[in-house]
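Chemist: My structure file upload-v8.cif, mmCIF, C-alpha atoms, is below:
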data_coords
loop_
_atom_site.label_atom_id
_atom_site.label_comp_id
_atom_site.auth_asym_id
_atom_site.auth_seq_id
_atom_site.Cartn_x
_atom_site.Cartn_y
_atom_site.Cartn_z
CA MET A 466 0.00 0.00 0.00
CA ARG A 467 1.39 3.40 -0.98
CA ILE A 468 2.00 5.90 1.81
CA GLU A 469 0.44 9.24 1.06
CA ASP A 470 1.35 12.23 3.19
CA ILE A 471 -1.22 14.83 4.23
CA LYS A 472 -1.05 18.18 2.43
CA PHE A 473 -1.59 21.33 4.50
CA GLU A 474 -2.46 24.82 3.31
CA GLN A 475 -0.19 26.65 5.71
CA LYS A 476 3.58 26.14 5.50
CA ALA A 477 3.94 26.13 9.30
CA SER A 478 1.36 23.34 9.64
CA GLN A 479 3.19 21.30 7.01
CA ARG A 480 6.45 21.72 8.92
CA ILE A 481 4.88 20.67 12.23
CA TYR A 482 3.30 17.63 10.57
CA ASN A 483 6.52 16.65 8.75
CA ASP A 484 8.49 16.96 11.97
CA TYR A 485 6.01 14.80 13.91
CA MET A 486 5.98 12.10 11.22
CA LYS A 487 9.78 12.15 11.12
CA ARG A 488 9.80 11.49 14.88
CA ILE A 489 7.45 8.52 14.37
CA LYS A 490 9.84 7.10 11.77
CA LYS A 491 12.78 7.55 14.15
CA ALA A 492 10.93 6.00 17.09
CA THR A 493 10.11 2.90 15.02
CA SER A 494 13.40 2.63 13.10
CA SER A 495 14.41 -0.63 14.86
CA LEU A 496 11.33 -2.44 13.50
CA SER A 497 10.88 -4.22 10.17
CA LYS A 498 9.91 -2.07 7.16
CA ILE A 499 6.35 -3.50 7.18
CA ASP A 500 5.84 -2.65 10.87
CA GLN A 501 7.37 0.82 10.42
CA ASP A 502 5.00 1.57 7.54
CA ASP A 503 2.03 0.16 9.47
CA VAL A 504 2.61 2.47 12.48
CA TYR A 505 3.34 5.45 10.20
CA MET A 506 0.14 4.92 8.19
CA GLU A 507 -1.96 4.47 11.32
CA PHE A 508 -0.81 7.75 12.90
CA ASN A 509 -1.11 9.45 9.51
CA SER A 510 -4.69 8.21 9.22
CA HIS A 511 -5.45 9.36 12.78
CA ILE A 512 -4.20 12.90 12.07
CA TYR A 513 -6.10 13.06 8.77
CA GLU A 514 -9.40 11.82 10.24
CA ALA A 515 -9.08 14.06 13.31
CA ILE A 516 -8.54 17.16 11.15
CA HIS A 517 -11.58 16.37 9.01
CA HIS A 518 -13.80 15.64 12.01
CA LYS A 519 -12.79 18.83 13.79
CA ASN A 520 -13.69 21.24 10.98
CA GLU A 521 -11.82 24.02 12.71
CA THR A 522 -10.99 27.13 10.74
CA ASN A 523 -7.50 27.46 12.13
CA GLU A 524 -5.49 24.62 10.60
CA ILE A 525 -2.42 25.04 12.75
CA ASP A 526 -4.36 25.14 16.05
CA SER A 527 -6.27 22.05 15.03
CA LEU A 528 -3.07 20.16 14.13
CA LEU A 529 -1.29 21.18 17.34
CA ASP A 530 -4.27 20.00 19.37
CA ILE A 531 -4.33 16.60 17.60
CA ILE A 532 -0.60 16.09 17.99
CA GLU A 533 -0.74 17.04 21.67
CA LYS A 534 -3.52 14.51 22.27
CA LEU A 535 -1.59 11.81 20.42
CA GLY A 536 1.44 12.39 22.63
CA LEU A 537 5.19 12.28 22.06
CA PRO A 538 6.03 9.51 19.54
CA GLU A 539 9.10 8.43 21.54
CA GLU A 540 6.98 7.82 24.67
CA VAL A 541 3.68 6.65 23.18
CA LEU A 542 5.29 4.14 20.81
CA LYS A 543 7.65 2.62 23.39
CA PRO A 544 5.35 -0.31 24.40
CA LEU A 545 4.36 -0.93 20.78
CA VAL A 546 8.00 -1.04 19.60
CA ALA A 547 8.91 -3.36 22.52
CA ASP A 548 6.02 -5.75 21.68
CA LYS A 549 6.68 -5.79 17.95
CA LYS A 550 10.41 -6.31 18.49
CA LEU A 551 9.66 -9.31 20.69
CA GLN A 552 7.37 -10.80 18.03
CA GLN A 553 10.10 -10.27 15.44
CA ALA A 554 12.74 -11.83 17.72
CA THR A 555 10.77 -15.00 18.44
CA LYS A 556 9.86 -15.38 14.76
CA THR A 557 13.30 -14.89 13.22
CA PHE A 558 15.69 -16.32 15.87
CA ASN A 559 18.01 -13.44 14.87
CA PRO A 560 20.34 -12.72 17.87
CA VAL A 561 20.38 -8.95 17.18
CA HIS A 562 16.54 -8.84 17.32
CA VAL A 563 16.47 -11.01 20.47
CA PHE A 564 18.99 -8.76 22.22
CA LYS A 565 17.16 -5.56 21.22
CA ALA A 566 13.79 -7.04 22.23
CA LEU A 567 15.14 -7.97 25.66
CA MET A 568 16.60 -4.49 26.15
CA LEU A 569 13.27 -2.88 25.22
CA ASN A 570 11.26 -5.25 27.43
CA LEU A 571 13.44 -5.02 30.55
CA THR A 572 10.92 -2.67 32.16
CA ASN A 573 7.99 -4.98 31.26
CA GLY A 574 8.53 -7.55 33.99
CA VAL A 575 11.01 -9.38 36.18
CA SER A 576 11.05 -12.39 33.84
CA TYR A 577 12.76 -10.34 31.14
CA ILE A 578 15.60 -9.58 33.57
CA PHE A 579 16.03 -13.37 33.92
CA PHE A 580 16.16 -13.69 30.12
CA PHE A 581 18.66 -10.86 29.97
CA VAL A 582 20.93 -12.61 32.49
CA LEU A 583 20.74 -15.80 30.37
CA TYR A 584 21.73 -13.72 27.38
CA LEU A 585 24.70 -12.30 29.27
CA PHE A 586 25.84 -15.89 29.92
CA LEU A 587 25.67 -16.51 26.20
CA PHE A 588 27.94 -13.54 25.54
CA GLY A 589 30.20 -14.88 28.28
CA PHE A 590 30.73 -18.07 26.24
CA VAL A 591 31.60 -15.99 23.17
CA PHE A 592 34.10 -14.01 25.24
CA LEU A 593 35.68 -17.24 26.56
CA ILE A 594 36.30 -18.52 23.02
CA PHE A 595 38.31 -15.39 22.20
CA ALA A 596 40.06 -15.56 25.57
CA LYS A 597 41.06 -19.19 24.84
CA ILE A 598 42.48 -18.22 21.42
CA PHE A 599 44.61 -15.42 22.89
CA ASN A 600 45.50 -17.19 26.13
CA PRO A 601 45.28 -20.97 25.52
CA SER A 602 47.24 -22.08 28.60
CA LEU A 603 45.22 -20.12 31.19
CA VAL A 604 41.63 -20.39 29.92
CA GLY A 605 39.61 -23.54 30.45
CA LEU A 606 37.16 -25.51 32.52
CA TYR A 607 38.88 -26.22 35.83
CA MET A 608 37.72 -28.89 38.26
CA LYS A 609 38.87 -29.92 41.74
CA LYS A 610 41.16 -32.96 41.68
CA ASP A 611 39.35 -34.86 44.42
CA SER A 612 35.76 -34.13 43.34
CA PHE A 613 33.69 -33.71 40.19
CA SER A 614 32.50 -30.18 40.96
CA VAL A 615 33.32 -27.38 38.49
CA PHE A 616 35.65 -24.93 40.12
CA VAL A 617 36.24 -22.24 37.45
CA LEU A 618 35.06 -21.71 33.91
CA GLY A 619 37.38 -19.03 32.62
CA ILE A 620 40.87 -17.76 33.33
CA MET A 621 42.99 -19.22 36.14
CA ASN A 622 46.62 -18.43 37.00
CA PRO A 623 49.03 -21.41 37.29
CA GLU A 624 49.68 -20.61 41.00
CA HIS A 625 45.96 -20.67 41.75
CA GLN A 626 45.65 -23.94 39.81
CA ILE A 627 48.24 -25.50 42.15
CA THR A 628 46.98 -23.97 45.41
CA ASN A 629 43.37 -24.91 44.68
CA LYS A 630 44.35 -28.37 43.40
CA THR A 631 42.49 -27.99 40.11
CA TYR A 632 43.08 -29.30 36.61
CA GLU A 633 41.73 -28.36 33.18
CA VAL A 634 39.34 -30.97 31.74
CA LEU A 635 38.38 -29.89 28.24
CA GLY A 636 41.75 -29.25 26.58
CA ASN A 637 41.32 -28.90 22.80
CA TRP A 638 37.60 -29.50 23.20
CA PHE A 639 37.14 -26.18 25.00
CA ILE A 640 36.18 -24.11 21.91
CA PRO A 641 33.82 -26.76 20.40
CA VAL A 642 32.11 -27.19 23.80
CA MET A 643 31.70 -23.38 24.14
CA LEU A 644 30.28 -23.18 20.60
CA LEU A 645 27.81 -25.94 21.41
CA SER A 646 26.87 -24.15 24.66
CA ILE A 647 26.23 -20.93 22.71
CA VAL A 648 23.91 -22.71 20.28
CA LEU A 649 22.08 -24.55 23.11
CA PHE A 650 21.72 -21.40 25.25
CA TYR A 651 20.54 -19.40 22.29
CA PHE A 652 17.79 -21.87 21.34
CA LEU A 653 16.86 -22.27 25.00
CA ILE A 654 16.39 -18.50 25.45
CA THR A 655 14.36 -18.11 22.26
CA LEU A 656 12.19 -21.14 23.02
CA LEU A 657 11.58 -19.90 26.58
CA LEU A 658 10.58 -16.51 25.16
CA LYS A 659 8.13 -18.26 22.82
CA LEU A 660 6.80 -20.35 25.70
CA LYS A 661 6.36 -17.23 27.85
CA LYS A 662 4.44 -15.56 25.02
CA SER A 663 2.08 -18.54 24.60
CA ILE A 664 1.55 -18.79 28.40
CA ASN A 665 0.64 -15.08 28.45
CA GLN A 666 -1.89 -15.69 25.68
CA LYS A 667 -3.43 -18.74 27.38
CA THR A 668 -3.89 -16.92 30.70
CA LEU A 669 -5.74 -14.17 28.84
CA LEU A 670 -8.03 -16.49 26.90
CA MET B 397 -12.50 14.49 51.30
CA ASN B 398 -9.25 13.33 49.76
CA GLU B 399 -9.67 14.55 46.19
CA THR B 400 -6.25 13.38 44.99
CA PHE B 401 -7.00 9.87 46.19
CA VAL B 402 -10.34 9.81 44.36
CA THR B 403 -8.79 11.23 41.17
CA ASN B 404 -6.05 8.58 41.24
CA TRP B 405 -8.59 5.86 41.90
CA LYS B 406 -10.77 7.02 38.98
CA SER B 407 -7.77 7.02 36.67
CA GLN B 408 -6.85 3.48 37.77
CA VAL B 409 -10.41 2.26 37.16
CA LYS B 410 -10.45 3.83 33.70
CA LYS B 411 -7.07 2.35 32.85
CA GLY B 412 -8.09 -1.08 34.12
CA THR B 413 -11.35 -1.17 32.22
CA LEU B 414 -10.16 0.32 28.92
CA THR B 415 -9.54 -3.05 27.25
CA PHE B 416 -12.97 -4.21 28.41
CA VAL B 417 -14.57 -1.03 27.01
CA ILE B 418 -12.75 -1.36 23.66
CA LEU B 419 -13.81 -4.99 23.21
CA ASN B 420 -17.43 -4.09 24.01
CA VAL B 421 -17.40 -1.16 21.56
CA LEU B 422 -16.10 -3.52 18.87
CA LYS B 423 -18.78 -6.11 19.71
CA ASN B 424 -21.30 -4.91 17.13
CA ASN B 425 -19.23 -3.03 14.63
CA GLU B 426 -15.78 -2.57 13.16
CA TYR B 427 -14.10 0.80 13.65
CA TYR B 428 -10.90 2.56 12.60
CA GLY B 429 -8.66 4.13 15.26
CA TYR B 430 -10.02 7.67 15.40
CA GLU B 431 -13.61 6.46 15.19
CA LEU B 432 -12.95 3.97 18.00
CA ILE B 433 -11.70 6.79 20.25
CA GLU B 434 -14.84 8.81 19.45
CA GLN B 435 -17.05 5.82 20.28
CA ILE B 436 -15.27 5.24 23.61
CA ARG B 437 -15.75 8.93 24.44
CA LYS B 438 -19.43 8.85 23.41
CA HIS B 439 -20.37 5.74 25.37
CA THR B 440 -18.23 6.07 28.47
CA GLU B 441 -17.05 9.69 28.73
CA ILE B 442 -13.55 8.28 29.16
CA GLU B 443 -10.92 10.66 27.78
CA ILE B 444 -8.06 8.43 26.69
CA ALA B 445 -4.57 9.54 25.77
CA GLU B 446 -5.15 8.99 22.07
CA GLY B 447 -1.66 7.79 21.17
CA THR B 448 -1.83 5.01 23.76
CA LEU B 449 -4.75 3.37 21.95
CA TYR B 450 -2.53 2.05 19.16
CA PRO B 451 -0.03 0.12 21.30
CA LEU B 452 -3.03 -1.33 23.14
CA MET B 453 -4.71 -2.36 19.88
CA ASN B 454 -1.46 -3.99 18.79
CA ARG B 455 -1.37 -5.97 22.05
CA LEU B 456 -4.98 -7.10 21.57
CA LYS B 457 -4.03 -8.17 18.07
CA THR B 458 -1.03 -10.14 19.36
CA GLU B 459 -3.37 -11.85 21.84
CA GLU B 460 -5.56 -12.68 18.81
CA LEU B 461 -8.60 -10.95 20.35
CA VAL B 462 -8.92 -8.42 17.54
CA ASP B 463 -8.06 -8.39 13.88
CA SER B 464 -7.31 -5.46 11.59
CA LYS B 465 -7.40 -4.66 7.90
CA TRP B 466 -6.36 -1.66 5.82
CA VAL B 467 -9.13 -0.22 3.65
CA GLU B 468 -8.26 2.16 0.81
CA GLN B 469 -10.18 5.47 0.81
CA GLU B 470 -10.99 7.92 -1.98
CA THR B 471 -9.04 10.55 -0.05
CA GLY B 472 -5.84 8.53 -0.60
CA ILE B 473 -5.30 8.07 3.15
CA PRO B 474 -6.35 4.48 4.04
CA ARG B 475 -8.08 3.54 7.30
CA LYS B 476 -7.18 0.59 9.49
CA TYR B 477 -10.36 -1.11 10.66
CA TYR B 478 -10.46 -3.22 13.82
CA SER B 479 -12.91 -6.04 14.54
CA LEU B 480 -13.28 -8.82 17.12
CA THR B 481 -12.00 -12.29 16.28
CA GLU B 482 -13.85 -15.48 17.27
CA ALA B 483 -11.52 -15.77 20.28
CA GLY B 484 -12.24 -12.12 21.07
CA ILE B 485 -16.02 -12.71 21.05
CA GLU B 486 -15.67 -15.72 23.36
CA THR B 487 -13.29 -13.88 25.70
CA LEU B 488 -15.62 -10.89 25.85
CA LYS B 489 -18.55 -13.16 26.81
CA GLN B 490 -16.54 -14.41 29.80
CA MET B 491 -15.49 -10.88 30.71
CA ASN B 492 -19.09 -9.63 30.56
CA VAL B 493 -20.30 -12.46 32.85
CA TYR B 494 -17.52 -11.65 35.31
CA TRP B 495 -18.33 -7.93 35.17
CA GLN B 496 -22.04 -8.53 35.81
CA ASN B 497 -21.28 -10.74 38.82
CA LEU B 498 -18.84 -8.18 40.15
CA GLU B 499 -21.41 -5.42 39.70
CA LYS B 500 -24.01 -7.44 41.64
CA SER B 501 -21.56 -8.09 44.49
CA ILE B 502 -20.49 -4.47 44.67
CA LYS B 503 -24.09 -3.23 44.65
CA LYS B 504 -24.75 -5.34 47.72
CA ILE B 505 -22.07 -3.59 49.72
CA ILE B 506 -22.55 0.01 48.60
#
Do you think you could lay out the structure here as structure tokens?

Modeler:
Amino acid sequence: MRIEDIKFEQKASQRIYNDYMKRIKKATSSLSKIDQDDVYMEFNSHIYEAIHHKNETNEIDSLLDIIEKLGLPEEVLKPLVADKKLQQATKTFNPVHVFKALMLNLTNGVSYIFFFVLYLFLFGFVFLIFAKIFNPSLVGLYMKKDSFSVFVLGIMNPEHQITNKTYEVLGNWFIPVMLLSIVLFYFLITLLLKLKKSINQKTLL
Amino acid sequence: MNETFVTNWKSQVKKGTLTFVILNVLKNNEYYGYELIEQIRKHTEIEIAEGTLYPLMNRLKTEELVDSKWVEQETGIPRKYYSLTEAGIETLKQMNVYWQNLEKSIKKII
């Protein structure tokens, strides 16, 4: 569907309208093109209908009143952008979308903080791969000699390795295991997000 | 009389019942955004922050309670019409029963 902008008689009105619509575009820039256009067209339609229902003689007053009632795009569209981003993230499995969706939804409930912490773990695994490449002798999965409990996953100095009686267990398998952990964590987070969404829907129905 | 308390309470009631009001307005007809706001105002005298309607409609759509479609207009500016889905109709029935029971209970104590 083609997006048609509203034409105003007064230059000042046109400038106010253009500026407001530009702010809508900016506030929704992280969404897909279809969603951006959808929000843009809906606010455009609202402004157009409101102007024609008001029938006020002063165009600029009428427009300012409508825009004021609609509210600041950056504030009003915040929950909509957060919701749409979450839909996009759970549909596409794209890590950038998932990360952005979690950032936007942090204020929408404690559970998203839990998801965010899981995501931080995932980045931790990525960091460890690079750390292993640059520091192969110090980075690893260290366990206590006399028990099977994990002592350290990360960097450990040789002195600490001796004093704590630990040894590295993964060796050359460290990077493949971290890669596998990243994939598993990533699918776990996205599936949990999907599950949370469907639970939310079921409790409402 | 604590006027601030009453004002805050009224605003909470309005906020809490807005979804219920929207679904009931959409019960018999489909409306586009601006028209929906006008209908809410006409039937309930609730003045809503107009911009907040659209995120709410999107949430109702995600919950599959309402559906929407773009309809081209002669003016060149299309309208997005909202209507209840089957799930929305069923959900609203449950909500209306709950509301009526609540109303009866409250009437007994006031």

Chemist: From the list A:Ile525, A:Ile499, A:Val604, A:Leu593, which residue is nearest Glu474 (chain A) when using all atoms listed in the file?

Modeler: A:Ile525

Chemist: For chain A, report every residue with an atom at most 8 Å from chain B (counting only C-alpha atoms), formatted as a ChimeraX atom specification.

Modeler: /A:468-471,506-507,509-511,513-515,534-536,541-542,544-545,548,666,669-670

Chemist: Just how far from CA of Asn629 (chain A) is CA of Met608 (chain A), in Å to one decimal?

Modeler: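 We find that CA of Met608 (chain A) and CA of Asn629 (chain A) lie 9.4 Å from each other.
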
Chemist: Just give me the gap between CA of Tyr494 (chain B) and CA of Thr403 (chain B) in Å, one decimal is fine.

Modeler: 25.2 Å

Chemist: Write out as an MDAnalysis selection string the residues lying within 9 Å of region 630-639 of chain A, counting all atoms listed in the file and excluding same-chain residues fewer than 5 positions away.

Modeler: chainID A and resid 594 597 604:611 616:617 625 644

Chemist: How would the residues just chosen look if you wrote them out with C-alpha atoms as a short mmCIF file (atom, residue, chain, number, x, y, z; two decimals), in the frame of the given file?

Modeler:
data_model
loop_
_atom_site.label_atom_id
_atom_site.label_comp_id
_atom_site.auth_asym_id
_atom_site.auth_seq_id
_atom_site.Cartn_x
_atom_site.Cartn_y
_atom_site.Cartn_z
CA ILE A 594 36.30 -18.52 23.02
CA LYS A 597 41.06 -19.19 24.84
CA VAL A 604 41.63 -20.39 29.92
CA GLY A 605 39.61 -23.54 30.45
CA LEU A 606 37.16 -25.51 32.52
CA TYR A 607 38.88 -26.22 35.83
CA MET A 608 37.72 -28.89 38.26
CA LYS A 609 38.87 -29.92 41.74
CA LYS A 610 41.16 -32.96 41.68
CA ASP A 611 39.35 -34.86 44.42
CA PHE A 616 35.65 -24.93 40.12
CA VAL A 617 36.24 -22.24 37.45
CA HIS A 625 45.96 -20.67 41.75
CA LEU A 644 30.28 -23.18 20.60
#

Chemist: For CA of Met621 (chain A) and CA of Val591 (chain A), quote the distance in Å rounded to one decimal.

Modeler: 17.6 Å

Chemist: Which polymer residues have any atom within 10 Å of an atom of Asp502 (chain A), counting only C-alpha atoms, with same-chain residues fewer than 6 positions away left out, as a ChimeraX atom specification?

Modeler: /A:466-468,490,493,496

Chemist: For region 451-465 of chain B, I'd like the enclosing box, axis-aligned and padded by 8 Å on every side, reported as AutoDock Vina command-line options with centre and edge lengths in Å to one decimal.

Modeler:
--center_x -4.5 --center_y -6.3 --center_z 15.5 --size_x 24.9 --size_y 28.8 --size_z 31.2

Chemist: What does the PyMOL selection byres ((chain A and resi 563) around 10) select in this file, as a ChimeraX atom specification?

Modeler: /A:550-562,564-569,581,584,651,654-655,658

Chemist: Which neighbours of Thr413 (chain B) fall inside 12 Å, counting all atoms listed in the file, when residues of the same chain fewer than 6 positions from it are skipped, and could you give them as JSON, numbers by chain?

Modeler: {"B": [406, 407, 419, 420, 436, 440, 442, 444, 491, 492, 495]}
